[in-house]
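run02.txt follows (compact mmCIF, C-alpha atoms):
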# COMPACT_ATOMS: atom_id res chain seq x y z
CA MET K 1 -44.06 90.01 21.68
CA ASP K 2 -43.09 86.34 21.64
CA ALA K 3 -45.09 83.68 19.89
CA MET K 4 -45.61 80.27 21.43
CA THR K 5 -44.73 77.50 18.99
CA LYS K 6 -45.85 73.89 18.91
CA SER K 7 -42.62 72.69 20.54
CA GLU K 8 -43.01 75.24 23.34
CA LEU K 9 -46.58 74.12 23.88
CA ILE K 10 -45.36 70.51 24.11
CA ALA K 11 -42.70 71.51 26.66
CA LYS K 12 -45.26 73.35 28.81
CA LEU K 13 -47.63 70.40 28.77
CA ALA K 14 -44.82 67.98 29.58
CA ALA K 15 -43.97 70.15 32.61
CA ARG K 16 -47.60 70.01 33.77
CA PHE K 17 -47.63 66.20 33.66
CA PRO K 18 -44.44 65.06 35.43
CA GLN K 19 -45.76 61.47 35.55
CA LEU K 20 -45.76 61.34 31.72
CA VAL K 21 -42.78 61.23 29.39
CA VAL K 22 -42.25 64.16 27.00
CA LYS K 23 -43.16 61.85 24.11
CA ASP K 24 -46.71 61.53 25.53
CA ALA K 25 -47.17 65.32 25.49
CA GLU K 26 -45.80 65.44 21.96
CA LEU K 27 -48.09 62.65 20.74
CA SER K 28 -51.05 64.29 22.50
CA VAL K 29 -50.52 67.68 20.84
CA LYS K 30 -50.13 66.06 17.43
CA ALA K 31 -53.18 63.86 17.94
CA ILE K 32 -55.34 66.81 19.05
CA LEU K 33 -54.31 68.96 16.08
CA ASP K 34 -54.69 66.09 13.60
CA ALA K 35 -58.16 65.24 14.92
CA MET K 36 -59.26 68.87 14.64
CA ALA K 37 -57.88 69.24 11.10
CA GLU K 38 -59.47 65.94 10.06
CA LYS K 39 -62.85 66.96 11.46
CA LEU K 40 -62.81 70.35 9.73
CA ALA K 41 -61.71 68.76 6.47
CA THR K 42 -64.88 66.66 6.48
CA GLY K 43 -67.02 69.74 7.00
CA LYS K 44 -67.81 69.13 10.67
CA ARG K 45 -67.74 71.68 13.48
CA ILE K 46 -65.43 71.76 16.50
CA GLU K 47 -66.79 73.23 19.74
CA ILE K 48 -64.39 73.69 22.64
CA ARG K 49 -66.21 75.24 25.58
CA GLY K 50 -64.31 78.20 27.03
CA PHE K 51 -62.02 78.35 24.00
CA GLY K 52 -64.06 78.70 20.85
CA SER K 53 -65.50 76.99 17.81
CA PHE K 54 -64.13 76.14 14.39
CA SER K 55 -66.32 75.78 11.34
CA LEU K 56 -66.14 76.26 7.59
CA ASN K 57 -67.23 79.40 5.79
CA TYR K 58 -68.44 79.27 2.22
CA ARG K 59 -66.73 81.39 -0.43
CA PRO K 60 -68.78 81.63 -3.64
CA PRO K 61 -67.08 81.34 -7.05
CA ARG K 62 -65.66 84.62 -8.29
CA LEU K 63 -63.77 86.13 -11.16
CA GLY K 64 -60.20 86.77 -10.07
CA ARG K 65 -57.04 87.88 -11.77
CA ASN K 66 -53.66 86.30 -12.08
CA PRO K 67 -51.56 88.96 -10.33
CA LYS K 68 -48.57 88.26 -12.60
CA THR K 69 -50.22 88.33 -16.00
CA GLY K 70 -53.40 90.25 -15.25
CA ALA K 71 -55.41 87.52 -17.02
CA LYS K 72 -58.92 86.89 -15.70
CA VAL K 73 -59.39 83.51 -14.05
CA GLN K 74 -62.49 81.86 -12.65
CA VAL K 75 -61.90 81.08 -8.96
CA PRO K 76 -64.15 78.15 -7.97
CA GLU K 77 -66.32 78.11 -4.85
CA LYS K 78 -64.59 76.86 -1.75
CA TYR K 79 -64.80 76.47 2.00
CA VAL K 80 -62.33 78.11 4.37
CA PRO K 81 -61.72 77.37 8.07
CA HIS K 82 -63.17 79.92 10.48
CA PHE K 83 -62.59 80.37 14.24
CA LYS K 84 -64.85 82.18 16.66
CA ALA K 85 -63.41 82.80 20.12
CA GLY K 86 -65.53 81.60 23.04
CA LYS K 87 -66.60 83.74 25.99
CA GLU K 88 -63.74 82.89 28.37
CA LEU K 89 -61.03 83.39 25.74
CA ARG K 90 -62.64 86.65 24.57
CA GLU K 91 -62.82 88.04 28.07
CA ARG K 92 -59.32 86.99 29.13
CA VAL K 93 -57.71 88.43 26.00
CA ASP K 94 -59.54 91.75 26.12
CA LEU K 95 -57.41 93.97 28.34
CA ASP K 96 -60.10 96.60 28.82
CA ALA K 97 -62.81 94.18 29.93
CA MET W 1 -71.18 65.28 14.49
CA THR W 2 -69.45 68.12 16.27
CA LEU W 3 -66.04 67.46 17.84
CA THR W 4 -65.83 68.31 21.56
CA LYS W 5 -63.28 68.11 24.38
CA ALA W 6 -64.80 64.77 25.44
CA ASP W 7 -64.13 63.33 21.95
CA LEU W 8 -60.53 64.56 22.06
CA ALA W 9 -60.04 63.00 25.52
CA ASP W 10 -61.43 59.66 24.27
CA MET W 11 -59.01 59.80 21.38
CA LEU W 12 -55.99 60.45 23.65
CA PHE W 13 -57.09 57.50 25.78
CA GLU W 14 -57.36 55.21 22.75
CA GLN W 15 -54.51 56.45 20.56
CA VAL W 16 -51.88 57.80 22.95
CA GLY W 17 -52.62 55.48 25.86
CA LEU W 18 -53.10 58.12 28.55
CA ASN W 19 -55.48 57.02 31.30
CA LYS W 20 -58.95 58.58 31.29
CA ARG W 21 -58.07 61.18 33.93
CA GLU W 22 -54.82 62.20 32.20
CA ALA W 23 -56.56 62.36 28.83
CA LYS W 24 -59.24 64.72 30.13
CA ASP W 25 -56.64 66.87 31.93
CA MET W 26 -54.36 66.94 28.87
CA VAL W 27 -57.13 68.29 26.62
CA GLU W 28 -58.03 70.93 29.22
CA ALA W 29 -54.34 71.87 29.65
CA PHE W 30 -53.80 72.10 25.89
CA PHE W 31 -56.47 74.78 25.48
CA GLU W 32 -55.50 76.48 28.75
CA GLU W 33 -51.89 76.91 27.56
CA VAL W 34 -53.12 78.49 24.32
CA ARG W 35 -55.45 80.81 26.26
CA SER W 36 -52.70 81.79 28.71
CA SER W 37 -50.28 82.61 25.95
CA LEU W 38 -52.84 84.79 24.17
CA GLU W 39 -53.86 86.43 27.44
CA ALA W 40 -50.19 87.35 27.99
CA GLY W 41 -50.14 88.97 24.55
CA ASP W 42 -48.21 86.20 22.81
CA SER W 43 -49.55 84.70 19.60
CA VAL W 44 -49.61 80.91 19.16
CA LYS W 45 -48.15 79.29 16.06
CA LEU W 46 -49.11 75.67 15.52
CA SER W 47 -47.36 74.60 12.34
CA GLY W 48 -49.53 72.55 10.01
CA PHE W 49 -52.69 73.79 11.72
CA GLY W 50 -52.68 77.57 12.00
CA ASN W 51 -51.80 80.67 14.01
CA PHE W 52 -53.79 82.39 16.73
CA GLU W 53 -53.00 86.09 16.70
CA LEU W 54 -54.07 89.17 18.63
CA ARG W 55 -55.50 92.31 17.12
CA GLN W 56 -56.11 95.62 18.79
CA LYS W 57 -59.43 97.12 17.66
CA SER W 58 -60.13 100.78 18.23
CA GLU W 59 -63.49 102.11 19.30
CA ARG W 60 -66.10 102.32 16.55
CA PRO W 61 -69.71 103.41 16.34
CA GLY W 62 -72.31 100.71 16.84
CA ARG W 63 -76.03 100.34 17.32
CA ASN W 64 -78.32 98.32 19.50
CA PRO W 65 -80.00 96.21 16.82
CA LYS W 66 -83.21 96.02 18.83
CA THR W 67 -83.73 99.67 19.72
CA GLY W 68 -81.64 101.35 17.02
CA GLU W 69 -79.94 103.34 19.76
CA GLU W 70 -76.36 104.41 18.95
CA ILE W 71 -73.77 103.01 21.35
CA PRO W 72 -70.02 102.97 20.76
CA ILE W 73 -68.30 99.57 20.50
CA THR W 74 -65.39 100.06 22.88
CA ALA W 75 -61.73 99.50 21.99
CA ARG W 76 -60.74 95.89 22.58
CA ARG W 77 -58.17 93.20 21.96
CA VAL W 78 -59.43 90.21 20.02
CA VAL W 79 -58.13 86.82 18.86
CA THR W 80 -57.96 85.96 15.17
CA PHE W 81 -57.16 82.56 13.68
CA HIS W 82 -55.33 82.08 10.40
CA ALA W 83 -55.46 78.53 9.10
CA SER W 84 -52.17 77.20 7.71
CA GLN W 85 -51.85 76.53 4.00
CA LYS W 86 -51.81 72.83 4.85
CA LEU W 87 -55.17 73.00 6.66
CA LYS W 88 -56.71 75.18 3.96
CA SER W 89 -55.61 72.74 1.23
CA LYS W 90 -56.92 69.78 3.23
CA VAL W 91 -60.32 71.46 3.55
CA GLU W 92 -60.42 72.36 -0.14
CA GLU W 93 -59.45 68.87 -1.27
CA ASN W 94 -61.87 67.02 0.95
CA TYR W 95 -64.83 69.28 1.22
CA GLY W 96 -66.64 71.39 -1.34
CA GLY W 97 -63.48 72.21 -3.21
CA ALA W 98 -63.19 72.66 -6.96
CA GLY W 99 -65.77 70.58 -8.70
CA ASN W 100 -67.15 68.42 -5.88
How would this structure read if it were set down as structure tokens?
Amino acid sequence: MDAMTKSELIAKLAARFPQLVVKDAELSVKAILDAMAEKLATGKRIEIRGFGSFSLNYRPPRLGRNPKTGAKVQVPEKYVPHFKAGKELRERVDLDA
Amino acid sequence: MTLTKADLADMLFEQVGLNKREAKDMVEAFFEEVRSSLEAGDSVKLSGFGNFELRQKSERPGRNPKTGEEIPITARRVVTFHASQKLKSKVEENYGGAGN
């Protein structure tokens, strides 16, 4: 199984838009990812119809352990990014559907 | 406010200088390429943002929450997203992280 990387994504998009220069595809991919990261970092949702939604999930504070020393440490509350696949993505990825 | 495809297209128009049509098509193509790759069984690694991966789930018992009737949840392939360390740190620093 091969993974698609950011540079491969840029190349595929550049091929789809022959009227644009490769730099435009590169700037577009970077701008889209930066905008999404920026939005999530301010606690806002992202909703891409047919693809999915990104939001933040709350993790309450907990008592953890330093795996090296075994010492107990208080892990503060935090928010972590969460993705939920949308209907079209779910259906296309599920081979048995 | 929630970020949508229309917002992303506006941004490509303003920041990258694509025309309105190209901007809308570029946003659509971006997500279509990610979907196609995943559909073909290939994960998508977007450095600095995160990875979209595939997981095979086997059948498991489930229930209709309304009727309580037992129905198996069939085996399926699903997409999971793992945020990069960079994105996780950005979220923690800016939003609800330690002490704010």
Protein, DNA and RNA residues within 12 Å of (-55.0, 93.0, 14.9), all atoms listed in the file, as a count of residues only: 17
Take every atom of segment 12-20 of chain K listed in the file, fit an axis-aligned box around them, add 4 Å per side, and give the centre and edge lengths in Å to one decimal as AutoDock Vina command-line options.
--center_x -45.8 --center_y 67.3 --center_z 32.2 --size_x 11.7 --size_y 20.0 --size_z 14.8
At most 6 Å to chain K: residues in chain W, all atoms listed in the file, as a PyMOL selection string: chain W and resi 2-5+39+42-46+76-77+81+90-91+94-98
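Interatomic distance, atom CA of Thr74 of chain W to atom CA of Glu33 of chain W: 27.2 Å.
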Gap from atom CA of Gln15 of chain W to atom CA of Ala15 of chain K - Å, one decimal: 21.1 Å
For atom CA of Ala9 of chain W and atom CA of Asp25 of chain W, the interatomic separation in Å (one decimal):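 Rounded to one decimal, the two atoms are 8.2 Å apart.
The residue that comes closest to Asp7 of chain W, out of W:Asn19, W:Lys24, W:Pro65, W:Ser36 and on the basis of only C-alpha atoms, is W:Lys24.
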Any chance you could model N, CA and C atoms for segment 34-67 of chain W and send them as a CSV table (one decimal), in the coordinates of the input?
chain,number,residue,atom,x,y,z
W,34,VAL,N,-52.9,77.6,25.5
W,34,VAL,CA,-53.1,78.5,24.3
W,34,VAL,C,-53.8,79.8,24.8
W,35,ARG,N,-54.8,79.6,25.7
W,35,ARG,CA,-55.4,80.8,26.3
W,35,ARG,C,-54.5,81.7,27.0
W,36,SER,N,-53.7,81.0,27.9
W,36,SER,CA,-52.7,81.8,28.7
W,36,SER,C,-51.7,82.6,27.9
W,37,SER,N,-51.2,81.9,26.8
W,37,SER,CA,-50.3,82.6,26.0
W,37,SER,C,-50.9,83.9,25.3
W,38,LEU,N,-52.1,83.7,24.8
W,38,LEU,CA,-52.8,84.8,24.2
W,38,LEU,C,-53.2,85.9,25.2
W,39,GLU,N,-53.5,85.5,26.4
W,39,GLU,CA,-53.9,86.4,27.4
W,39,GLU,C,-52.6,87.3,27.8
W,40,ALA,N,-51.4,86.6,27.7
W,40,ALA,CA,-50.2,87.4,28.0
W,40,ALA,C,-49.7,88.2,26.8
W,41,GLY,N,-50.5,88.2,25.7
W,41,GLY,CA,-50.1,89.0,24.6
W,41,GLY,C,-49.3,88.3,23.5
W,42,ASP,N,-49.1,87.0,23.7
W,42,ASP,CA,-48.2,86.2,22.8
W,42,ASP,C,-49.1,85.4,21.9
W,43,SER,N,-48.8,85.5,20.6
W,43,SER,CA,-49.6,84.7,19.6
W,43,SER,C,-49.1,83.2,19.7
W,44,VAL,N,-49.9,82.4,19.1
W,44,VAL,CA,-49.6,80.9,19.2
W,44,VAL,C,-49.5,80.4,17.7
W,45,LYS,N,-48.4,79.8,17.4
W,45,LYS,CA,-48.2,79.3,16.1
W,45,LYS,C,-48.1,77.8,16.1
W,46,LEU,N,-49.1,77.1,15.5
W,46,LEU,CA,-49.1,75.7,15.5
W,46,LEU,C,-48.9,75.2,14.1
W,47,SER,N,-47.7,74.9,13.7
W,47,SER,CA,-47.4,74.6,12.3
W,47,SER,C,-48.2,73.4,11.8
W,48,GLY,N,-48.7,73.6,10.6
W,48,GLY,CA,-49.5,72.6,10.0
W,48,GLY,C,-51.0,72.7,10.3
W,49,PHE,N,-51.3,73.6,11.3
W,49,PHE,CA,-52.7,73.8,11.7
W,49,PHE,C,-53.1,75.3,11.5
W,50,GLY,N,-52.4,76.2,12.2
W,50,GLY,CA,-52.7,77.6,12.0
W,50,GLY,C,-52.1,78.4,13.1
W,51,ASN,N,-52.3,79.7,13.0
W,51,ASN,CA,-51.8,80.7,14.0
W,51,ASN,C,-53.0,81.4,14.7
W,52,PHE,N,-52.9,81.5,16.0
W,52,PHE,CA,-53.8,82.4,16.7
W,52,PHE,C,-53.1,83.7,17.0
W,53,GLU,N,-53.7,84.8,16.5
W,53,GLU,CA,-53.0,86.1,16.7
W,53,GLU,C,-53.9,87.1,17.4
W,54,LEU,N,-53.3,88.2,17.9
W,54,LEU,CA,-54.1,89.2,18.6
W,54,LEU,C,-54.2,90.4,17.8
W,55,ARG,N,-55.3,91.0,17.8
W,55,ARG,CA,-55.5,92.3,17.1
W,55,ARG,C,-56.1,93.3,18.1
W,56,GLN,N,-55.6,94.5,18.0
W,56,GLN,CA,-56.1,95.6,18.8
W,56,GLN,C,-57.1,96.3,17.9
W,57,LYS,N,-58.4,96.4,18.4
W,57,LYS,CA,-59.4,97.1,17.7
W,57,LYS,C,-59.7,98.4,18.4
W,58,SER,N,-59.8,99.5,17.6
W,58,SER,CA,-60.1,100.8,18.2
W,58,SER,C,-61.6,100.9,18.3
W,59,GLU,N,-62.1,101.9,19.1
W,59,GLU,CA,-63.5,102.1,19.3
W,59,GLU,C,-64.1,102.5,18.0
W,60,ARG,N,-65.4,102.0,17.8
W,60,ARG,CA,-66.1,102.3,16.6
W,60,ARG,C,-67.6,102.5,16.9
W,61,PRO,N,-68.3,103.2,16.0
W,61,PRO,CA,-69.7,103.4,16.3
W,61,PRO,C,-70.5,102.1,16.1
W,62,GLY,N,-71.4,101.9,17.0
W,62,GLY,CA,-72.3,100.7,16.8
W,62,GLY,C,-73.7,101.1,17.2
W,63,ARG,N,-74.6,100.1,17.1
W,63,ARG,CA,-76.0,100.3,17.3
W,63,ARG,C,-76.6,99.2,18.0
W,64,ASN,N,-77.5,99.4,18.9
W,64,ASN,CA,-78.3,98.3,19.5
W,64,ASN,C,-79.3,97.9,18.4
W,65,PRO,N,-79.2,96.6,17.9
W,65,PRO,CA,-80.0,96.2,16.8
W,65,PRO,C,-81.5,96.2,17.2
W,66,LYS,N,-81.8,96.1,18.4
W,66,LYS,CA,-83.2,96.0,18.8
W,66,LYS,C,-83.8,97.4,18.9
W,67,THR,N,-83.1,98.3,19.5
W,67,THR,CA,-83.7,99.7,19.7
W,67,THR,C,-83.3,100.7,18.7
